[in-house]
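Have a look at the structure below, then the notes.
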Amino acid sequence: MTTKEWLNRAYKLDVEINLLLEEQKAAYERACGITAVTDSERVQTSKRNTTEEKFVSYAAYSDMINKRIDELYEIKNEILEAINQIENNTLRQLLICRYIRFMTWESVAVELDITFQWAHILHKRALKCVDKFINS
């Protein structure tokens with residue numbers, strides 16, 4: 001695993017959590033969905049409680065999301081531990097903006113008041129510093 005891949009673990013997990021949150025919302029809407037029955041519609045009875053199953057599905061998403069969020073915090077802490085080993089304040093800020101706050105390169109450049117090109121140059125330097133920490 002490259003240094004950049006190691007740092008991007010949090011971003012990838014954050015994307016996954018957001019997708020799970022969308023699925024959880026859909027499961028909640030299915031569980032709470034109410035439709036009116038008209039006289040022309042035939043109602044079929046069942047021994048299964050589908051509403052209960054829908055809420056169980058929603059709860060399962062909640063548990064899964066909470067576990068993934070806990071994992072995200074652990075990964076962010078590992079990344080911050082590596083970032084905090086860097087002596088240069090600008091390099092630390094750059095890595096925090098990019099790999100903890102998930103900012104775009106344009107936003108990182110604006111936040112640090114540097115050019116887009118300089119952000120990429122500093123990023124290469126910062127990656128070398130992190131690489132020393134994670135491979136030691």
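Going by the structure tokens order, chains are called A, B, ..., each with residues numbered from 1, while ligands are numbered from 1 in the order shown.
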Task: Polymer residues at most 12 Å from region 113-118 of chain A, only C-alpha atoms, same-chain spacing of 6 or more positions, as a ChimeraX atom specification - done: /A:90-91,93-94,104-107,124-125
Export of prior selection with N, CA and C atoms as a PDB file, in the first residue's frame:
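This went into result20.pdb:
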ATOM      1  N   THR A  90       2.981  23.949   7.759  1.00  0.00           N
ATOM      2  CA  THR A  90       2.250  24.043   6.490  1.00  0.00           C
ATOM      3  C   THR A  90       1.955  22.659   5.928  1.00  0.00           C
ATOM      4  N   LEU A  91       2.932  21.774   6.011  1.00  0.00           N
ATOM      5  CA  LEU A  91       2.714  20.410   5.523  1.00  0.00           C
ATOM      6  C   LEU A  91       1.641  19.699   6.353  1.00  0.00           C
ATOM      7  N   GLN A  93      -0.845  21.170   7.975  1.00  0.00           N
ATOM      8  CA  GLN A  93      -2.135  21.776   7.617  1.00  0.00           C
ATOM      9  C   GLN A  93      -2.642  21.233   6.284  1.00  0.00           C
ATOM     10  N   LEU A  94      -1.739  21.114   5.328  1.00  0.00           N
ATOM     11  CA  LEU A  94      -2.114  20.598   4.015  1.00  0.00           C
ATOM     12  C   LEU A  94      -2.682  19.185   4.124  1.00  0.00           C
ATOM     13  N   THR A 104     -11.005  19.522  -1.486  1.00  0.00           N
ATOM     14  CA  THR A 104     -10.436  19.446  -2.835  1.00  0.00           C
ATOM     15  C   THR A 104      -9.115  20.210  -2.843  1.00  0.00           C
ATOM     16  N   TRP A 105      -8.309  19.957  -3.877  1.00  0.00           N
ATOM     17  CA  TRP A 105      -7.027  20.667  -3.958  1.00  0.00           C
ATOM     18  C   TRP A 105      -7.231  22.162  -4.105  1.00  0.00           C
ATOM     19  N   GLU A 106      -8.254  22.558  -4.812  1.00  0.00           N
ATOM     20  CA  GLU A 106      -8.551  23.983  -4.962  1.00  0.00           C
ATOM     21  C   GLU A 106      -8.862  24.596  -3.598  1.00  0.00           C
ATOM     22  N   SER A 107      -9.663  23.895  -2.797  1.00  0.00           N
ATOM     23  CA  SER A 107     -10.025  24.394  -1.466  1.00  0.00           C
ATOM     24  C   SER A 107      -8.820  24.413  -0.532  1.00  0.00           C
ATOM     25  N   LYS A 124       3.795  16.450  -2.237  1.00  0.00           N
ATOM     26  CA  LYS A 124       4.836  15.439  -2.456  1.00  0.00           C
ATOM     27  C   LYS A 124       5.811  15.402  -1.284  1.00  0.00           C
ATOM     28  N   ARG A 125       6.177  16.579  -0.779  1.00  0.00           N
ATOM     29  CA  ARG A 125       7.079  16.643   0.378  1.00  0.00           C
ATOM     30  C   ARG A 125       6.415  16.023   1.611  1.00  0.00           C
TER      31      ARG A 125
END
What are the closest atom pairs, with distances in Å to one decimal, for all residues of region 44-125 of chain A lying within 12 Å of region 11-20 of chain A? Consider only C-alpha atoms, order rows by chain and residue number, and present the result as a Markdown table.
| residue | atom | partner | partner_atom | distance |
| --- | --- | --- | --- | --- |
| A:Tyr58 | CA | A:Leu20 | CA | 10.7 |
| A:Ala60 | CA | A:Leu20 | CA | 10.7 |
| A:Tyr61 | CA | A:Leu20 | CA | 7.0 |
| A:Ser62 | CA | A:Leu20 | CA | 8.8 |
| A:Asp63 | CA | A:Leu20 | CA | 10.7 |
| A:Met64 | CA | A:Leu20 | CA | 8.2 |
| A:Ile65 | CA | A:Ile17 | CA | 6.2 |
| A:Asn66 | CA | A:Ile17 | CA | 9.0 |
| A:Lys67 | CA | A:Ile17 | CA | 9.8 |
| A:Arg68 | CA | A:Ile17 | CA | 6.7 |
| A:Ile69 | CA | A:Ile17 | CA | 7.1 |
| A:Asp70 | CA | A:Leu13 | CA | 10.6 |
| A:Glu71 | CA | A:Leu13 | CA | 8.3 |
| A:Leu72 | CA | A:Leu13 | CA | 6.4 |
| A:Tyr73 | CA | A:Asp14 | CA | 10.0 |
| A:Glu74 | CA | A:Leu13 | CA | 11.2 |
| A:Ile75 | CA | A:Leu13 | CA | 9.1 |
| A:Lys76 | CA | A:Tyr11 | CA | 9.3 |
| A:Ile79 | CA | A:Tyr11 | CA | 11.2 |
| A:Ile96 | CA | A:Tyr11 | CA | 11.9 |
| A:Cys97 | CA | A:Tyr11 | CA | 11.7 |
| A:Arg98 | CA | A:Tyr11 | CA | 9.2 |
| A:Tyr99 | CA | A:Tyr11 | CA | 6.9 |
| A:Ile100 | CA | A:Tyr11 | CA | 7.8 |
| A:Arg101 | CA | A:Tyr11 | CA | 8.8 |
| A:Phe102 | CA | A:Tyr11 | CA | 6.5 |
| A:Met103 | CA | A:Tyr11 | CA | 10.1 |
| A:Thr104 | CA | A:Tyr11 | CA | 11.6 |
Those selected residues, please, written with N, CA, C and O atoms and delivered as an mmCIF file, in the first residue's frame.
data_model
loop_
_atom_site.group_PDB
_atom_site.id
_atom_site.type_symbol
_atom_site.label_atom_id
_atom_site.label_comp_id
_atom_site.auth_asym_id
_atom_site.auth_seq_id
_atom_site.Cartn_x
_atom_site.Cartn_y
_atom_site.Cartn_z
ATOM 1 N N TYR A 58 -33.955 -1.322 8.720
ATOM 2 C CA TYR A 58 -33.489 0.022 9.046
ATOM 3 C C TYR A 58 -32.503 -0.024 10.221
ATOM 4 O O TYR A 58 -31.442 0.605 10.184
ATOM 5 N N ALA A 60 -30.674 -2.519 11.137
ATOM 6 C CA ALA A 60 -29.433 -3.167 10.700
ATOM 7 C C ALA A 60 -28.514 -2.158 10.019
ATOM 8 O O ALA A 60 -27.290 -2.174 10.240
ATOM 9 N N TYR A 61 -29.099 -1.270 9.188
ATOM 10 C CA TYR A 61 -28.285 -0.217 8.565
ATOM 11 C C TYR A 61 -27.692 0.684 9.643
ATOM 12 O O TYR A 61 -26.529 1.077 9.562
ATOM 13 N N SER A 62 -28.474 1.013 10.650
ATOM 14 C CA SER A 62 -27.987 1.879 11.723
ATOM 15 C C SER A 62 -26.788 1.249 12.427
ATOM 16 O O SER A 62 -25.783 1.928 12.674
ATOM 17 N N ASP A 63 -26.877 -0.028 12.751
ATOM 18 C CA ASP A 63 -25.764 -0.718 13.409
ATOM 19 C C ASP A 63 -24.524 -0.741 12.516
ATOM 20 O O ASP A 63 -23.409 -0.483 12.972
ATOM 21 N N MET A 64 -24.730 -1.057 11.247
ATOM 22 C CA MET A 64 -23.614 -1.131 10.306
ATOM 23 C C MET A 64 -22.947 0.242 10.177
ATOM 24 O O MET A 64 -21.718 0.348 10.186
ATOM 25 N N ILE A 65 -23.747 1.285 10.073
ATOM 26 C CA ILE A 65 -23.212 2.641 9.927
ATOM 27 C C ILE A 65 -22.430 3.040 11.169
ATOM 28 O O ILE A 65 -21.329 3.591 11.068
ATOM 29 N N ASN A 66 -22.973 2.748 12.341
ATOM 30 C CA ASN A 66 -22.275 3.101 13.583
ATOM 31 C C ASN A 66 -20.921 2.399 13.684
ATOM 32 O O ASN A 66 -19.935 3.002 14.112
ATOM 33 N N LYS A 67 -20.855 1.144 13.264
ATOM 34 C CA LYS A 67 -19.583 0.416 13.283
ATOM 35 C C LYS A 67 -18.591 1.040 12.308
ATOM 36 O O LYS A 67 -17.399 1.174 12.615
ATOM 37 N N ARG A 68 -19.079 1.415 11.136
ATOM 38 C CA ARG A 68 -18.199 2.017 10.130
ATOM 39 C C ARG A 68 -17.730 3.404 10.585
ATOM 40 O O ARG A 68 -16.584 3.789 10.337
ATOM 41 N N ILE A 69 -18.591 4.157 11.266
ATOM 42 C CA ILE A 69 -18.196 5.473 11.784
ATOM 43 C C ILE A 69 -17.112 5.305 12.846
ATOM 44 O O ILE A 69 -16.134 6.062 12.862
ATOM 45 N N ASP A 70 -17.261 4.321 13.721
ATOM 46 C CA ASP A 70 -16.217 4.046 14.714
ATOM 47 C C ASP A 70 -14.898 3.719 14.030
ATOM 48 O O ASP A 70 -13.831 4.190 14.445
ATOM 49 N N GLU A 71 -14.965 2.921 12.974
ATOM 50 C CA GLU A 71 -13.765 2.567 12.218
ATOM 51 C C GLU A 71 -13.151 3.809 11.566
ATOM 52 O O GLU A 71 -11.931 3.971 11.548
ATOM 53 N N LEU A 72 -14.015 4.708 11.066
ATOM 54 C CA LEU A 72 -13.527 5.943 10.453
ATOM 55 C C LEU A 72 -12.759 6.780 11.470
ATOM 56 O O LEU A 72 -11.679 7.298 11.163
ATOM 57 N N TYR A 73 -13.280 6.904 12.676
ATOM 58 C CA TYR A 73 -12.582 7.675 13.704
ATOM 59 C C TYR A 73 -11.239 7.046 14.052
ATOM 60 O O TYR A 73 -10.254 7.754 14.264
ATOM 61 N N GLU A 74 -11.173 5.732 14.105
ATOM 62 C CA GLU A 74 -9.906 5.055 14.387
ATOM 63 C C GLU A 74 -8.882 5.335 13.286
ATOM 64 O O GLU A 74 -7.718 5.620 13.568
ATOM 65 N N ILE A 75 -9.327 5.250 12.042
ATOM 66 C CA ILE A 75 -8.424 5.505 10.913
ATOM 67 C C ILE A 75 -7.960 6.956 10.921
ATOM 68 O O ILE A 75 -6.776 7.247 10.715
ATOM 69 N N LYS A 76 -8.894 7.890 11.174
ATOM 70 C CA LYS A 76 -8.509 9.304 11.229
ATOM 71 C C LYS A 76 -7.491 9.548 12.342
ATOM 72 O O LYS A 76 -6.558 10.334 12.167
ATOM 73 N N ILE A 79 -4.133 8.409 11.095
ATOM 74 C CA ILE A 79 -3.615 9.376 10.126
ATOM 75 C C ILE A 79 -3.124 10.630 10.846
ATOM 76 O O ILE A 79 -2.038 11.141 10.544
ATOM 77 N N ILE A 96 -3.951 17.694 6.777
ATOM 78 C CA ILE A 96 -5.213 17.702 7.521
ATOM 79 C C ILE A 96 -6.359 18.140 6.620
ATOM 80 O O ILE A 96 -7.426 17.510 6.611
ATOM 81 N N CYS A 97 -6.134 19.201 5.857
ATOM 82 C CA CYS A 97 -7.178 19.671 4.929
ATOM 83 C C CYS A 97 -7.561 18.575 3.939
ATOM 84 O O CYS A 97 -8.740 18.342 3.672
ATOM 85 N N ARG A 98 -6.571 17.910 3.416
ATOM 86 C CA ARG A 98 -6.818 16.924 2.354
ATOM 87 C C ARG A 98 -7.324 15.577 2.881
ATOM 88 O O ARG A 98 -8.283 15.028 2.346
ATOM 89 N N TYR A 99 -6.703 15.052 3.916
ATOM 90 C CA TYR A 99 -6.975 13.667 4.315
ATOM 91 C C TYR A 99 -7.841 13.514 5.577
ATOM 92 O O TYR A 99 -8.291 12.416 5.858
ATOM 93 N N ILE A 100 -8.073 14.612 6.285
ATOM 94 C CA ILE A 100 -8.964 14.554 7.440
ATOM 95 C C ILE A 100 -10.266 15.287 7.135
ATOM 96 O O ILE A 100 -11.344 14.797 7.447
ATOM 97 N N ARG A 101 -10.144 16.436 6.489
ATOM 98 C CA ARG A 101 -11.342 17.219 6.154
ATOM 99 C C ARG A 101 -11.849 16.922 4.747
ATOM 100 O O ARG A 101 -12.889 17.412 4.354
ATOM 101 N N PHE A 102 -11.114 16.167 3.952
ATOM 102 C CA PHE A 102 -11.484 15.733 2.603
ATOM 103 C C PHE A 102 -11.743 16.911 1.651
ATOM 104 O O PHE A 102 -12.656 16.872 0.834
ATOM 105 N N MET A 103 -10.922 17.931 1.746
ATOM 106 C CA MET A 103 -11.067 19.109 0.896
ATOM 107 C C MET A 103 -10.467 18.844 -0.479
ATOM 108 O O MET A 103 -9.531 18.054 -0.622
ATOM 109 N N THR A 104 -11.005 19.522 -1.486
ATOM 110 C CA THR A 104 -10.436 19.446 -2.835
ATOM 111 C C THR A 104 -9.115 20.210 -2.843
ATOM 112 O O THR A 104 -8.849 21.029 -1.956
#
Open item on the list: Nearest residue to Lys25 (chain A) out of A:Phe55, A:Ala10, A:Asn135, A:Lys4, using only C-alpha atoms?
Closed with: A:Phe55
Open item on the list: Which of chain A end up as alpha helix (DSSP H) when DSSP is run on this backbone - answer as a PyMOL selection string?
Closed with: chain A and resi 3-32+50-83+89-95+105-112+116-134
Please save C-alpha atoms of the selected residues as a short mmCIF file (atom, residue, chain, number, x, y, z; two decimals), in the first residue's frame.
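The result, written out as part_12.cif:
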data_model
loop_
_atom_site.label_atom_id
_atom_site.label_comp_id
_atom_site.auth_asym_id
_atom_site.auth_seq_id
_atom_site.Cartn_x
_atom_site.Cartn_y
_atom_site.Cartn_z
CA THR A 3 1.46 6.31 1.43
CA LYS A 4 -1.28 8.06 -0.52
CA GLU A 5 -3.46 4.93 -0.40
CA TRP A 6 -2.83 4.67 3.35
CA LEU A 7 -3.93 8.28 3.82
CA ASN A 8 -6.97 7.86 1.55
CA ARG A 9 -8.44 5.05 3.66
CA ALA A 10 -10.50 7.56 5.65
CA TYR A 11 -11.90 9.21 2.52
CA LYS A 12 -12.95 5.88 1.03
CA LEU A 13 -14.64 4.87 4.26
CA ASP A 14 -16.37 8.25 4.46
CA VAL A 15 -17.79 7.71 0.96
CA GLU A 16 -18.99 4.24 2.00
CA ILE A 17 -20.67 5.66 5.13
CA ASN A 18 -22.47 8.28 3.05
CA LEU A 19 -23.77 5.58 0.70
CA LEU A 20 -24.95 3.53 3.68
CA LEU A 21 -26.69 6.60 5.08
CA GLU A 22 -28.60 6.96 1.81
CA GLU A 23 -29.62 3.30 1.99
CA GLN A 24 -30.62 3.72 5.62
CA LYS A 25 -32.82 6.68 4.67
CA ALA A 26 -34.47 4.59 1.95
CA ALA A 27 -35.05 1.74 4.44
CA TYR A 28 -36.62 4.20 6.88
CA GLU A 29 -38.88 5.60 4.18
CA ARG A 30 -39.95 2.07 3.23
CA ALA A 31 -40.66 1.25 6.86
CA CYS A 32 -42.66 4.42 7.45
CA THR A 50 -43.55 -6.73 6.82
CA THR A 51 -43.51 -3.44 8.71
CA GLU A 52 -41.50 -5.07 11.47
CA GLU A 53 -39.10 -6.53 8.89
CA LYS A 54 -38.66 -3.10 7.35
CA PHE A 55 -37.79 -1.56 10.71
CA VAL A 56 -35.38 -4.43 11.40
CA SER A 57 -33.72 -3.64 8.07
CA TYR A 58 -33.49 0.02 9.05
CA ALA A 59 -31.97 -0.92 12.42
CA ALA A 60 -29.43 -3.17 10.70
CA TYR A 61 -28.28 -0.22 8.57
CA SER A 62 -27.99 1.88 11.72
CA ASP A 63 -25.76 -0.72 13.41
CA MET A 64 -23.61 -1.13 10.31
CA ILE A 65 -23.21 2.64 9.93
CA ASN A 66 -22.27 3.10 13.58
CA LYS A 67 -19.58 0.42 13.28
CA ARG A 68 -18.20 2.02 10.13
CA ILE A 69 -18.20 5.47 11.78
CA ASP A 70 -16.22 4.05 14.71
CA GLU A 71 -13.77 2.57 12.22
CA LEU A 72 -13.53 5.94 10.45
CA TYR A 73 -12.58 7.67 13.70
CA GLU A 74 -9.91 5.05 14.39
CA ILE A 75 -8.42 5.50 10.91
CA LYS A 76 -8.51 9.30 11.23
CA ASN A 77 -6.68 9.02 14.55
CA GLU A 78 -3.99 6.85 12.93
CA ILE A 79 -3.61 9.38 10.13
CA LEU A 80 -3.48 12.30 12.57
CA GLU A 81 -0.82 10.51 14.58
CA ALA A 82 1.31 10.25 11.44
CA ILE A 83 0.60 13.86 10.41
CA ASN A 89 3.26 23.39 10.11
CA THR A 90 2.25 24.04 6.49
CA LEU A 91 2.71 20.41 5.52
CA ARG A 92 0.64 19.33 8.53
CA GLN A 93 -2.14 21.78 7.62
CA LEU A 94 -2.11 20.60 4.01
CA LEU A 95 -2.47 16.95 5.01
CA TRP A 105 -7.03 20.67 -3.96
CA GLU A 106 -8.55 23.98 -4.96
CA SER A 107 -10.02 24.39 -1.47
CA VAL A 108 -6.75 23.37 0.16
CA ALA A 109 -4.89 26.02 -1.85
CA VAL A 110 -7.41 28.70 -0.84
CA GLU A 111 -7.38 27.59 2.82
CA LEU A 112 -3.57 27.74 2.99
CA PHE A 116 -2.71 25.13 -6.72
CA GLN A 117 0.69 24.13 -8.13
CA TRP A 118 2.47 24.88 -4.84
CA ALA A 119 -0.09 22.73 -3.00
CA HIS A 120 0.92 19.75 -5.16
CA ILE A 121 4.63 20.39 -4.62
CA LEU A 122 4.11 20.59 -0.86
CA HIS A 123 1.95 17.46 -1.01
CA LYS A 124 4.84 15.44 -2.46
CA ARG A 125 7.08 16.64 0.38
CA ALA A 126 4.41 15.84 2.96
CA LEU A 127 3.93 12.33 1.57
CA LYS A 128 7.64 11.65 1.99
CA CYS A 129 7.43 12.72 5.65
CA VAL A 130 4.40 10.49 6.30
CA ASP A 131 6.07 7.62 4.47
CA LYS A 132 9.00 7.76 6.89
CA PHE A 133 6.59 7.49 9.83
CA ILE A 134 4.38 4.66 8.57
#
